[in-house]
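Asks: See data09.cif below, with mmCIF, C-alpha atoms.
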data_query
loop_
_atom_site.group_PDB
_atom_site.id
_atom_site.type_symbol
_atom_site.label_atom_id
_atom_site.label_comp_id
_atom_site.auth_asym_id
_atom_site.auth_seq_id
_atom_site.Cartn_x
_atom_site.Cartn_y
_atom_site.Cartn_z
ATOM 1 C CA MET A 4 -49.795 8.381 -22.193
ATOM 2 C CA ASN A 5 -51.185 4.845 -22.166
ATOM 3 C CA THR A 6 -51.198 4.810 -25.958
ATOM 4 C CA TYR A 7 -47.548 5.914 -26.004
ATOM 5 C CA LYS A 8 -46.572 3.171 -23.518
ATOM 6 C CA LYS A 9 -48.363 0.565 -25.607
ATOM 7 C CA PHE A 10 -46.484 1.777 -28.678
ATOM 8 C CA LEU A 11 -43.134 1.460 -26.885
ATOM 9 C CA LEU A 12 -44.037 -2.018 -25.631
ATOM 10 C CA ALA A 13 -45.070 -3.160 -29.091
ATOM 11 C CA SER A 14 -41.874 -1.741 -30.565
ATOM 12 C CA ALA A 15 -39.782 -3.580 -27.981
ATOM 13 C CA MET A 16 -41.558 -6.862 -28.735
ATOM 14 C CA ILE A 17 -40.810 -6.447 -32.435
ATOM 15 C CA ALA A 18 -37.220 -5.352 -31.896
ATOM 16 C CA SER A 19 -36.248 -8.114 -29.442
ATOM 17 C CA PRO A 20 -36.274 -10.998 -31.958
ATOM 18 C CA LEU A 21 -34.349 -8.835 -34.407
ATOM 19 C CA ILE A 22 -31.725 -8.047 -31.790
ATOM 20 C CA ALA A 23 -31.492 -11.721 -30.796
ATOM 21 C CA ALA A 24 -31.111 -12.799 -34.410
ATOM 22 C CA SER A 25 -28.467 -10.157 -34.974
ATOM 23 C CA SER A 26 -26.591 -11.343 -31.872
ATOM 24 C CA ALA A 27 -26.682 -14.972 -33.014
ATOM 25 C CA GLN A 28 -25.440 -13.974 -36.454
ATOM 26 C CA ALA A 29 -22.634 -11.999 -34.867
ATOM 27 C CA GLN A 30 -21.625 -15.071 -32.874
ATOM 28 C CA VAL A 31 -21.569 -17.266 -35.966
ATOM 29 C CA SER A 32 -19.610 -14.644 -37.875
ATOM 30 C CA GLY A 33 -16.984 -14.350 -35.147
ATOM 31 C CA ILE A 34 -16.610 -17.506 -33.067
ATOM 32 C CA ALA A 35 -17.805 -21.012 -33.848
ATOM 33 C CA VAL A 36 -17.460 -24.556 -32.545
ATOM 34 C CA ALA A 37 -17.033 -27.740 -34.555
ATOM 35 C CA ASP A 38 -16.859 -31.469 -33.896
ATOM 36 C CA PRO A 39 -14.238 -32.845 -36.329
ATOM 37 C CA GLU A 40 -15.016 -36.476 -35.529
ATOM 38 C CA GLY A 41 -18.724 -35.868 -35.982
ATOM 39 C CA ALA A 42 -18.182 -34.226 -39.356
ATOM 40 C CA ILE A 43 -15.866 -36.985 -40.600
ATOM 41 C CA LEU A 44 -17.692 -40.032 -39.250
ATOM 42 C CA GLY A 45 -21.065 -38.621 -40.255
ATOM 43 C CA ALA A 46 -20.078 -38.127 -43.896
ATOM 44 C CA LYS A 47 -22.414 -39.664 -46.451
ATOM 45 C CA SER A 48 -19.464 -41.170 -48.319
ATOM 46 C CA LEU A 49 -18.636 -43.320 -45.278
ATOM 47 C CA GLU A 50 -22.212 -44.523 -45.031
ATOM 48 C CA ALA A 51 -22.232 -45.384 -48.744
ATOM 49 C CA ALA A 52 -18.828 -47.061 -48.519
ATOM 50 C CA ASN A 53 -20.032 -49.243 -45.644
ATOM 51 C CA ALA A 54 -22.783 -50.615 -47.844
ATOM 52 C CA THR A 55 -20.255 -51.387 -50.582
ATOM 53 C CA ILE A 56 -17.855 -52.981 -48.094
ATOM 54 C CA ALA A 57 -20.647 -55.139 -46.683
ATOM 55 C CA THR A 58 -21.353 -56.434 -50.187
ATOM 56 C CA THR A 59 -17.745 -56.794 -51.322
ATOM 57 C CA TYR A 60 -16.628 -58.647 -48.198
ATOM 58 C CA LYS A 61 -19.894 -60.425 -47.432
ATOM 59 C CA ALA A 62 -18.307 -63.886 -47.357
ATOM 60 C CA GLN A 63 -15.658 -62.857 -44.821
ATOM 61 C CA LEU A 64 -18.130 -60.918 -42.680
ATOM 62 C CA ASP A 65 -20.515 -63.868 -42.629
ATOM 63 C CA GLN A 66 -17.603 -66.020 -41.468
ATOM 64 C CA VAL A 67 -16.859 -63.473 -38.746
ATOM 65 C CA ARG A 68 -20.402 -63.682 -37.396
ATOM 66 C CA THR A 69 -20.377 -67.472 -37.553
ATOM 67 C CA ARG A 70 -17.024 -67.659 -35.757
ATOM 68 C CA GLN A 71 -18.149 -65.198 -33.084
ATOM 69 C CA GLN A 72 -21.264 -67.233 -32.398
ATOM 70 C CA ALA A 73 -19.242 -70.457 -32.251
ATOM 71 C CA LEU A 74 -16.727 -68.840 -29.898
ATOM 72 C CA GLN A 75 -19.483 -67.655 -27.574
ATOM 73 C CA THR A 76 -20.979 -71.143 -27.496
ATOM 74 C CA GLU A 77 -17.564 -72.671 -26.803
ATOM 75 C CA LEU A 78 -16.778 -70.231 -23.986
ATOM 76 C CA THR A 79 -20.178 -70.772 -22.391
ATOM 77 C CA ALA A 80 -19.633 -74.530 -22.375
ATOM 78 C CA LEU A 81 -16.109 -74.199 -20.983
ATOM 79 C CA ALA A 82 -17.224 -71.872 -18.196
ATOM 80 C CA ALA A 83 -20.217 -73.987 -17.148
ATOM 81 C CA PRO A 84 -18.289 -76.013 -14.510
ATOM 82 C CA LEU A 85 -17.246 -72.760 -12.817
ATOM 83 C CA ASP A 86 -20.915 -71.912 -12.202
ATOM 84 C CA THR A 87 -21.081 -73.717 -8.879
ATOM 85 C CA ASN A 88 -24.484 -72.347 -7.850
ATOM 86 C CA LYS A 89 -25.971 -73.185 -11.271
ATOM 87 C CA ASP A 90 -27.480 -69.752 -11.906
ATOM 88 C CA LYS A 91 -26.172 -69.781 -15.502
ATOM 89 C CA GLN A 92 -23.559 -67.112 -14.888
ATOM 90 C CA VAL A 93 -20.085 -66.992 -13.378
ATOM 91 C CA SER A 94 -19.942 -64.497 -10.527
ATOM 92 C CA GLU A 95 -16.842 -62.691 -9.317
ATOM 93 C CA GLN A 96 -16.772 -64.963 -6.284
ATOM 94 C CA GLU A 97 -16.922 -68.093 -8.442
ATOM 95 C CA LEU A 98 -14.177 -66.748 -10.688
ATOM 96 C CA ALA A 99 -12.018 -65.872 -7.676
ATOM 97 C CA ALA A 100 -12.496 -69.374 -6.301
ATOM 98 C CA ALA A 101 -11.421 -70.881 -9.622
ATOM 99 C CA GLU A 102 -8.344 -68.663 -9.716
ATOM 100 C CA ALA A 103 -7.432 -69.539 -6.138
ATOM 101 C CA ALA A 104 -7.745 -73.232 -6.957
ATOM 102 C CA LYS A 105 -5.761 -72.737 -10.176
ATOM 103 C CA ASN A 106 -8.546 -74.433 -12.070
ATOM 104 C CA PRO A 107 -7.205 -75.576 -15.484
ATOM 105 C CA ILE A 108 -10.499 -74.518 -17.069
ATOM 106 C CA LEU A 109 -9.352 -70.898 -16.852
ATOM 107 C CA GLN A 110 -6.400 -71.593 -19.138
ATOM 108 C CA LYS A 111 -8.664 -73.411 -21.584
ATOM 109 C CA ILE A 112 -10.979 -70.387 -21.666
ATOM 110 C CA LYS A 113 -8.051 -68.027 -22.217
ATOM 111 C CA THR A 114 -6.678 -70.176 -25.039
ATOM 112 C CA ALA A 115 -10.085 -70.424 -26.718
ATOM 113 C CA GLN A 116 -10.546 -66.649 -26.465
ATOM 114 C CA THR A 117 -7.114 -65.935 -27.923
ATOM 115 C CA ASN A 118 -7.530 -68.359 -30.815
ATOM 116 C CA GLY A 119 -11.047 -67.178 -31.573
ATOM 117 C CA GLN A 120 -10.158 -63.491 -31.476
ATOM 118 C CA GLN A 121 -7.141 -64.026 -33.713
ATOM 119 C CA GLU A 122 -9.269 -65.811 -36.277
ATOM 120 C CA VAL A 123 -11.960 -63.134 -36.141
ATOM 121 C CA SER A 124 -9.311 -60.425 -36.580
ATOM 122 C CA ARG A 125 -7.881 -62.231 -39.602
ATOM 123 C CA LEU A 126 -11.301 -62.552 -41.224
ATOM 124 C CA ASN A 127 -12.199 -58.948 -40.417
ATOM 125 C CA ALA A 128 -8.909 -57.450 -41.623
ATOM 126 C CA PRO A 129 -9.768 -56.824 -45.318
ATOM 127 C CA ALA A 130 -13.047 -55.073 -44.517
ATOM 128 C CA LEU A 131 -11.515 -53.028 -41.710
ATOM 129 C CA ARG A 132 -8.656 -52.003 -43.972
ATOM 130 C CA ALA A 133 -11.135 -50.801 -46.586
ATOM 131 C CA GLN A 134 -13.114 -48.921 -43.951
ATOM 132 C CA ALA A 135 -9.962 -47.267 -42.614
ATOM 133 C CA TYR A 136 -8.983 -46.176 -46.123
ATOM 134 C CA VAL A 137 -12.367 -44.537 -46.604
ATOM 135 C CA ILE A 138 -12.080 -42.703 -43.283
ATOM 136 C CA GLU A 139 -8.626 -41.447 -44.231
ATOM 137 C CA GLN A 140 -9.928 -40.046 -47.533
ATOM 138 C CA ILE A 141 -12.688 -38.214 -45.679
ATOM 139 C CA THR A 142 -10.229 -36.932 -43.074
ATOM 140 C CA GLN A 143 -8.114 -35.379 -45.811
ATOM 141 C CA LYS A 144 -11.132 -33.328 -46.883
ATOM 142 C CA TYR A 145 -11.850 -31.974 -43.413
ATOM 143 C CA ASN A 146 -9.437 -29.029 -43.311
ATOM 144 C CA PRO A 147 -10.358 -27.737 -46.797
ATOM 145 C CA ALA A 148 -14.041 -28.063 -45.869
ATOM 146 C CA LEU A 149 -13.431 -26.198 -42.615
ATOM 147 C CA GLU A 150 -11.634 -23.403 -44.473
ATOM 148 C CA THR A 151 -14.500 -23.113 -46.956
ATOM 149 C CA VAL A 152 -17.100 -22.824 -44.198
ATOM 150 C CA VAL A 153 -14.976 -20.379 -42.192
ATOM 151 C CA ALA A 154 -14.572 -18.134 -45.227
ATOM 152 C CA ALA A 155 -18.258 -18.297 -46.142
ATOM 153 C CA LYS A 156 -19.428 -17.458 -42.623
ATOM 154 C CA LYS A 157 -16.611 -14.972 -41.943
ATOM 155 C CA ILE A 158 -15.515 -16.810 -38.816
ATOM 156 C CA SER A 159 -12.353 -15.703 -37.049
ATOM 157 C CA LEU A 160 -12.072 -18.426 -34.383
ATOM 158 C CA VAL A 161 -13.178 -22.081 -34.326
ATOM 159 C CA LEU A 162 -13.138 -24.023 -31.064
ATOM 160 C CA SER A 163 -13.432 -27.753 -30.579
ATOM 161 C CA ALA A 164 -16.958 -28.682 -29.558
ATOM 162 C CA ASN A 165 -15.511 -31.040 -26.945
ATOM 163 C CA SER A 166 -13.597 -28.240 -25.221
ATOM 164 C CA ALA A 167 -16.411 -25.674 -25.149
ATOM 165 C CA GLN A 168 -18.330 -25.628 -21.879
ATOM 166 C CA PHE A 169 -21.374 -24.123 -23.549
ATOM 167 C CA ALA A 170 -22.324 -23.087 -27.058
ATOM 168 C CA GLN A 171 -25.563 -22.022 -28.684
ATOM 169 C CA PRO A 172 -26.638 -24.270 -31.581
ATOM 170 C CA ALA A 173 -26.234 -21.283 -33.887
ATOM 171 C CA VAL A 174 -22.449 -21.313 -33.448
ATOM 172 C CA ASP A 175 -22.012 -25.034 -34.222
ATOM 173 C CA ILE A 176 -20.734 -25.391 -37.798
ATOM 174 C CA THR A 177 -20.271 -29.181 -37.748
ATOM 175 C CA ASP A 178 -23.218 -29.778 -40.070
ATOM 176 C CA ALA A 179 -21.948 -27.146 -42.484
ATOM 177 C CA ILE A 180 -18.510 -28.781 -42.586
ATOM 178 C CA ARG A 181 -20.077 -32.208 -43.097
ATOM 179 C CA ALA A 182 -22.191 -30.844 -45.939
ATOM 180 C CA GLU A 183 -19.090 -29.422 -47.614
ATOM 181 C CA ILE A 184 -17.298 -32.776 -47.249
ATOM 182 C CA ASP A 185 -20.318 -34.475 -48.817
ATOM 183 C CA ARG A 186 -20.170 -32.003 -51.691
ATOM 184 C CA VAL A 187 -16.488 -32.482 -52.514
ATOM 185 C CA LEU A 188 -16.373 -36.226 -51.746
ATOM 186 C CA PRO A 189 -19.728 -37.802 -52.615
ATOM 187 C CA THR A 190 -18.123 -41.248 -52.862
ATOM 188 C CA ALA A 191 -14.898 -42.781 -51.570
ATOM 189 C CA ASN A 192 -12.693 -45.557 -52.886
ATOM 190 C CA ILE A 193 -12.755 -48.721 -50.741
ATOM 191 C CA THR A 194 -9.646 -50.269 -52.331
ATOM 192 C CA PRO A 195 -6.421 -49.005 -50.735
ATOM 193 C CA PRO A 196 -3.076 -49.191 -52.554
ATOM 194 C CA ALA A 197 -1.105 -52.374 -51.969
ATOM 195 C CA ASN A 198 1.405 -50.838 -49.553
ATOM 196 C CA TRP A 199 -0.974 -48.412 -47.866
ATOM 197 C CA GLN A 200 -0.985 -48.300 -44.071
ATOM 198 C CA PRO A 201 -3.454 -46.240 -42.008
ATOM 199 C CA GLY A 202 -2.078 -43.346 -39.988
ATOM 200 C CA GLN A 203 -2.547 -43.053 -36.247
ATOM 201 C CA GLN A 204 -5.398 -40.568 -36.591
ATOM 202 C CA THR A 205 -7.179 -42.891 -39.013
ATOM 203 C CA VAL A 206 -6.826 -45.823 -36.619
ATOM 204 C CA GLN A 207 -8.221 -43.736 -33.765
ATOM 205 C CA LEU A 208 -11.171 -42.574 -35.850
ATOM 206 C CA LEU A 209 -11.876 -46.139 -36.974
ATOM 207 C CA GLN A 210 -11.857 -47.305 -33.359
ATOM 208 C CA GLN A 211 -14.169 -44.462 -32.383
ATOM 209 C CA TYR A 212 -16.507 -45.332 -35.239
ATOM 210 C CA GLN A 213 -16.564 -49.008 -34.241
ATOM 211 C CA GLN A 214 -17.326 -48.053 -30.650
ATOM 212 C CA ALA A 215 -20.203 -45.848 -31.794
ATOM 213 C CA VAL A 216 -21.580 -48.645 -33.979
ATOM 214 C CA TYR A 217 -21.217 -51.172 -31.162
ATOM 215 C CA ALA A 218 -22.888 -48.858 -28.646
ATOM 216 C CA GLN A 219 -25.788 -48.466 -31.043
ATOM 217 C CA ALA A 220 -25.977 -52.247 -31.510
ATOM 218 C CA VAL A 221 -26.032 -52.723 -27.732
ATOM 219 C CA ARG A 222 -28.926 -50.289 -27.366
ATOM 220 C CA GLN A 223 -30.868 -52.001 -30.136
ATOM 221 C CA ALA A 224 -30.137 -55.467 -28.739
ATOM 222 C CA GLN A 225 -31.236 -54.399 -25.266
ATOM 223 C CA SER A 226 -34.488 -53.041 -26.648
ATOM 224 C CA GLN A 227 -35.046 -56.350 -28.453
ATOM 225 C CA GLY A 228 -33.821 -58.549 -25.605
ATOM 226 C CA ALA A 229 -30.899 -59.970 -27.609
ATOM 227 C CA ALA A 230 -27.126 -60.064 -27.158
ATOM 228 C CA PRO A 231 -25.108 -57.741 -29.441
ATOM 229 C CA ALA A 232 -22.324 -59.016 -31.667
ATOM 230 C CA ALA A 233 -18.768 -57.911 -31.034
ATOM 231 C CA PRO A 234 -17.717 -54.756 -32.916
ATOM 232 C CA GLY A 235 -16.295 -55.253 -36.387
ATOM 233 C CA ALA A 236 -16.486 -53.944 -39.913
ATOM 234 C CA THR A 237 -20.111 -54.874 -40.457
ATOM 235 C CA THR A 238 -22.417 -52.110 -41.594
ATOM 236 C CA PRO A 239 -24.706 -50.745 -38.857
ATOM 237 C CA PRO A 240 -28.443 -50.716 -39.519
ATOM 238 C CA ALA A 241 -28.389 -46.951 -39.099
ATOM 239 C CA LYS A 242 -25.704 -44.309 -39.008
ATOM 240 C CA PRO A 243 -24.245 -44.107 -35.488
ATOM 241 C CA GLN A 244 -24.380 -40.869 -33.591
ATOM 242 C CA PRO A 245 -20.861 -39.390 -33.423
ATOM 243 C CA GLN A 246 -19.461 -39.127 -29.934
ATOM 244 C CA GLY A 247 -19.046 -35.416 -29.480
ATOM 245 C CA ARG A 248 -20.137 -33.043 -26.804
#
As a first step, turn the structure in this file into structure tokens.
Replies:
Amino acid sequence: MNTYKKFLLASAMIASPLIAASSAQAQVSGIAVADPEGAILGAKSLEAANATIATTYKAQLDQVRTRQQALQTELTALAAPLDTNKDKQVSEQELAAAEAAKNPILQKIKTAQTNGQQEVSRLNAPALRAQAYVIEQITQKYNPALETVVAAKKISLVLSANSAQFAQPAVDITDAIRAEIDRVLPTANITPPANWQPGQQTVQLLQQYQQAVYAQAVRQAQSQGAAPAAPGATTPPAKPQPQGR
């Protein structure tokens, strides 16, 4: 009897992983989740294009960094008189006092910010336009890549990763979609047609990408004890993690 029980136990231990694997495969074959933004913004062609953009528009991007640094220095000097307790920062109370007194320094700061940001935007525009064009090319490959993966894995339903409360890693096909995009679009053109304008989705994806790059820069700067630069079209030192689930 003991030998028979041991045999059943051993059989169950062998069968369990097989059943689990079969269940996971069934999930992948039926229902899957995907992160469209993660697949698009994580494409290798975007990473490669960023390197090309950084080289092509190096002069403008260097000017952007120089102007940002000059603007920060200017704003710090303008705000210094508002720091009444001399702790090298303007508190909410000090700012409120300046507003209540209608201190003319506030208008000078606002004017300097507006002028500086407009100049930075002008210098950044060509590189950002190129980056947006690359993102739009990748976006156009997303649906065909999704269809290819769905057909290969025999999936009947794909949910957005952001809307799923829980999903096993086995049902996430984002990496598979990204790999298919990389296969069909290994490189992207950084030169848009003369009259090309980015669509709303492209603009949103570009903004999301910039935010991811900036968040990464903030984390790196904090770890190094430095202040991060404002977000722009500069190439990040490493590929940012897409903001998904």
Asks: I would like the residues chosen by the PyMOL selection byres ((chain A and resi 56) around 12) on the shown file; could you give them as a PyMOL selection string?
Replies: chain A and resi 48-55+57-64+127-137+191-194+236-239
Asks: Please produce a file of the residues just selected, as a tab-separated table (two decimals), keeping the file's coordinate frame, where the atoms kept are C-alpha atoms.
Replies:
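See out_13.tsv below for the written result:
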chain	number	residue	atom	x	y	z
A	48	SER	CA	-19.46	-41.17	-48.32
A	49	LEU	CA	-18.64	-43.32	-45.28
A	50	GLU	CA	-22.21	-44.52	-45.03
A	51	ALA	CA	-22.23	-45.38	-48.74
A	52	ALA	CA	-18.83	-47.06	-48.52
A	53	ASN	CA	-20.03	-49.24	-45.64
A	54	ALA	CA	-22.78	-50.62	-47.84
A	55	THR	CA	-20.26	-51.39	-50.58
A	57	ALA	CA	-20.65	-55.14	-46.68
A	58	THR	CA	-21.35	-56.43	-50.19
A	59	THR	CA	-17.74	-56.79	-51.32
A	60	TYR	CA	-16.63	-58.65	-48.20
A	61	LYS	CA	-19.89	-60.42	-47.43
A	62	ALA	CA	-18.31	-63.89	-47.36
A	63	GLN	CA	-15.66	-62.86	-44.82
A	64	LEU	CA	-18.13	-60.92	-42.68
A	127	ASN	CA	-12.20	-58.95	-40.42
A	128	ALA	CA	-8.91	-57.45	-41.62
A	129	PRO	CA	-9.77	-56.82	-45.32
A	130	ALA	CA	-13.05	-55.07	-44.52
A	131	LEU	CA	-11.52	-53.03	-41.71
A	132	ARG	CA	-8.66	-52.00	-43.97
A	133	ALA	CA	-11.14	-50.80	-46.59
A	134	GLN	CA	-13.11	-48.92	-43.95
A	135	ALA	CA	-9.96	-47.27	-42.61
A	136	TYR	CA	-8.98	-46.18	-46.12
A	137	VAL	CA	-12.37	-44.54	-46.60
A	191	ALA	CA	-14.90	-42.78	-51.57
A	192	ASN	CA	-12.69	-45.56	-52.89
A	193	ILE	CA	-12.76	-48.72	-50.74
A	194	THR	CA	-9.65	-50.27	-52.33
A	236	ALA	CA	-16.49	-53.94	-39.91
A	237	THR	CA	-20.11	-54.87	-40.46
A	238	THR	CA	-22.42	-52.11	-41.59
A	239	PRO	CA	-24.71	-50.74	-38.86
Asks: Tell me, as a list in words, which residues lie within 12 Å of Ala182 (chain A), counting all atoms listed in the file; anything in the same chain fewer than 6 positions away does not count.
Replies: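 The neighbour list is Gly41, Ala42, Ile43, Gly45, Ala46, Lys47, Ser48, Lys144, Tyr145, Ala148, Leu149, Thr151, Val152, Ile176, Leu188 and Pro189 of chain A.
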Asks: Using 12 Å as the limit and counting all atoms listed in the file, can you tabulate each residue of region 68-127 of chain A that touches region 211-230 of chain A, with its shortest atom-to-atom distance in Å and the two atoms involved, as a Markdown table?
Replies:
| residue | atom | partner | partner_atom | distance |
| --- | --- | --- | --- | --- |
| A:Gln71 | CA | A:Ala230 | CA | 11.9 |
| A:Gln72 | CA | A:Ala230 | CA | 10.6 |
| A:Gln75 | CA | A:Ala230 | CA | 10.8 |
Asks: Which value, in Å to one decimal, gives the distance between CA of Gln66 (chain A) and CA of Ser124 (chain A)?
Replies: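 One can read the CA of Gln66 (chain A) to CA of Ser124 (chain A) distance as 11.1 Å.
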Asks: Please compute the CA of Leu98 (chain A)-CA of Glu77 (chain A) distance, one decimal, in Å.
Replies: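 Between CA of Leu98 (chain A) and CA of Glu77 (chain A) the gap works out to 17.5 Å.
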Asks: From the set A:Ala167, A:Leu126, A:Leu162, A:Ala155, which residue has the shortest atom-to-atom contact distance to Asp65 (chain A), counting only C-alpha atoms?
Replies: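 Distance minimum relative to Asp65 (chain A) lands on A:Leu126.
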Asks: I'd like the residues picked by the PyMOL selection byres ((chain A and resi 81) around 12) written out as an MDAnalysis selection string, using the chain letters and numbers from the file.
Replies: chainID A and resid 74:80 82:86 92:93 106:116
Asks: Can you spit out the residues from that selection as a PDB file, in the coordinates of the input, using C-alpha atoms?
Replies:
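The resulting out29.pdb:
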ATOM      1  CA  LEU A  74     -16.727 -68.840 -29.898  1.00  0.00           C
ATOM      2  CA  GLN A  75     -19.483 -67.655 -27.574  1.00  0.00           C
ATOM      3  CA  THR A  76     -20.979 -71.143 -27.496  1.00  0.00           C
ATOM      4  CA  GLU A  77     -17.564 -72.671 -26.803  1.00  0.00           C
ATOM      5  CA  LEU A  78     -16.778 -70.231 -23.986  1.00  0.00           C
ATOM      6  CA  THR A  79     -20.178 -70.772 -22.391  1.00  0.00           C
ATOM      7  CA  ALA A  80     -19.633 -74.530 -22.375  1.00  0.00           C
ATOM      8  CA  ALA A  82     -17.224 -71.872 -18.196  1.00  0.00           C
ATOM      9  CA  ALA A  83     -20.217 -73.987 -17.148  1.00  0.00           C
ATOM     10  CA  PRO A  84     -18.289 -76.013 -14.510  1.00  0.00           C
ATOM     11  CA  LEU A  85     -17.246 -72.760 -12.817  1.00  0.00           C
ATOM     12  CA  ASP A  86     -20.915 -71.912 -12.202  1.00  0.00           C
ATOM     13  CA  GLN A  92     -23.559 -67.112 -14.888  1.00  0.00           C
ATOM     14  CA  VAL A  93     -20.085 -66.992 -13.378  1.00  0.00           C
ATOM     15  CA  ASN A 106      -8.546 -74.433 -12.070  1.00  0.00           C
ATOM     16  CA  PRO A 107      -7.205 -75.576 -15.484  1.00  0.00           C
ATOM     17  CA  ILE A 108     -10.499 -74.518 -17.069  1.00  0.00           C
ATOM     18  CA  LEU A 109      -9.352 -70.898 -16.852  1.00  0.00           C
ATOM     19  CA  GLN A 110      -6.400 -71.593 -19.138  1.00  0.00           C
ATOM     20  CA  LYS A 111      -8.664 -73.411 -21.584  1.00  0.00           C
ATOM     21  CA  ILE A 112     -10.979 -70.387 -21.666  1.00  0.00           C
ATOM     22  CA  LYS A 113      -8.051 -68.027 -22.217  1.00  0.00           C
ATOM     23  CA  THR A 114      -6.678 -70.176 -25.039  1.00  0.00           C
ATOM     24  CA  ALA A 115     -10.085 -70.424 -26.718  1.00  0.00           C
ATOM     25  CA  GLN A 116     -10.546 -66.649 -26.465  1.00  0.00           C
TER      26      GLN A 116
END
Asks: Would you mind telling me which residue in A:Ala164, A:Ala99, A:Ala197, A:Ile180 lies nearest to Glu150 (chain A) when using all atoms listed in the file?
Replies: A:Ile180
Asks: When you draw a straight line from CA of Thr87 (chain A) to CA of Glu102 (chain A), how long is it in Å?
Replies: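 Between CA of Thr87 (chain A) and CA of Glu102 (chain A) the gap works out to 13.7 Å.
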Asks: N, CA and C atoms are what I want for region 102-119 of chain A; can you complete it accordingly and write them as a compact mmCIF listing (two decimals), in the coordinates of the input?
Replies:
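Below is the file result.txt, written as the result:
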# COMPACT_ATOMS: atom_id res chain seq x y z
N GLU A 102 -9.72 -69.16 -9.63
CA GLU A 102 -8.34 -68.66 -9.72
C GLU A 102 -7.53 -69.13 -8.52
N ALA A 103 -8.14 -69.09 -7.35
CA ALA A 103 -7.43 -69.54 -6.14
C ALA A 103 -7.09 -71.02 -6.22
N ALA A 104 -7.98 -71.79 -6.82
CA ALA A 104 -7.74 -73.23 -6.96
C ALA A 104 -6.90 -73.57 -8.18
N LYS A 105 -6.52 -72.54 -8.94
CA LYS A 105 -5.76 -72.74 -10.18
C LYS A 105 -6.44 -73.76 -11.08
N ASN A 106 -7.74 -73.53 -11.25
CA ASN A 106 -8.55 -74.43 -12.07
C ASN A 106 -8.05 -74.40 -13.52
N PRO A 107 -7.72 -75.55 -14.10
CA PRO A 107 -7.20 -75.58 -15.48
C PRO A 107 -8.22 -75.09 -16.52
N ILE A 108 -9.48 -75.01 -16.14
CA ILE A 108 -10.50 -74.52 -17.07
C ILE A 108 -10.20 -73.08 -17.48
N LEU A 109 -9.65 -72.30 -16.56
CA LEU A 109 -9.35 -70.90 -16.85
C LEU A 109 -8.37 -70.77 -18.01
N GLN A 110 -7.37 -71.63 -18.05
CA GLN A 110 -6.40 -71.59 -19.14
C GLN A 110 -7.05 -72.01 -20.45
N LYS A 111 -7.95 -72.98 -20.38
CA LYS A 111 -8.66 -73.41 -21.58
C LYS A 111 -9.52 -72.26 -22.14
N ILE A 112 -10.16 -71.52 -21.24
CA ILE A 112 -10.98 -70.39 -21.67
C ILE A 112 -10.10 -69.32 -22.31
N LYS A 113 -8.96 -69.04 -21.68
CA LYS A 113 -8.05 -68.03 -22.22
C LYS A 113 -7.53 -68.43 -23.60
N THR A 114 -7.18 -69.69 -23.75
CA THR A 114 -6.68 -70.18 -25.04
C THR A 114 -7.76 -70.09 -26.11
N ALA A 115 -8.98 -70.48 -25.76
CA ALA A 115 -10.09 -70.42 -26.72
C ALA A 115 -10.37 -68.98 -27.13
N GLN A 116 -10.32 -68.06 -26.16
CA GLN A 116 -10.55 -66.65 -26.46
C GLN A 116 -9.48 -66.11 -27.41
N THR A 117 -8.23 -66.43 -27.11
CA THR A 117 -7.11 -65.94 -27.92
C THR A 117 -7.21 -66.46 -29.35
N ASN A 118 -7.44 -67.76 -29.48
CA ASN A 118 -7.53 -68.36 -30.82
C ASN A 118 -8.72 -67.81 -31.59
N GLY A 119 -9.85 -67.68 -30.91
CA GLY A 119 -11.05 -67.18 -31.57
C GLY A 119 -10.90 -65.73 -32.01
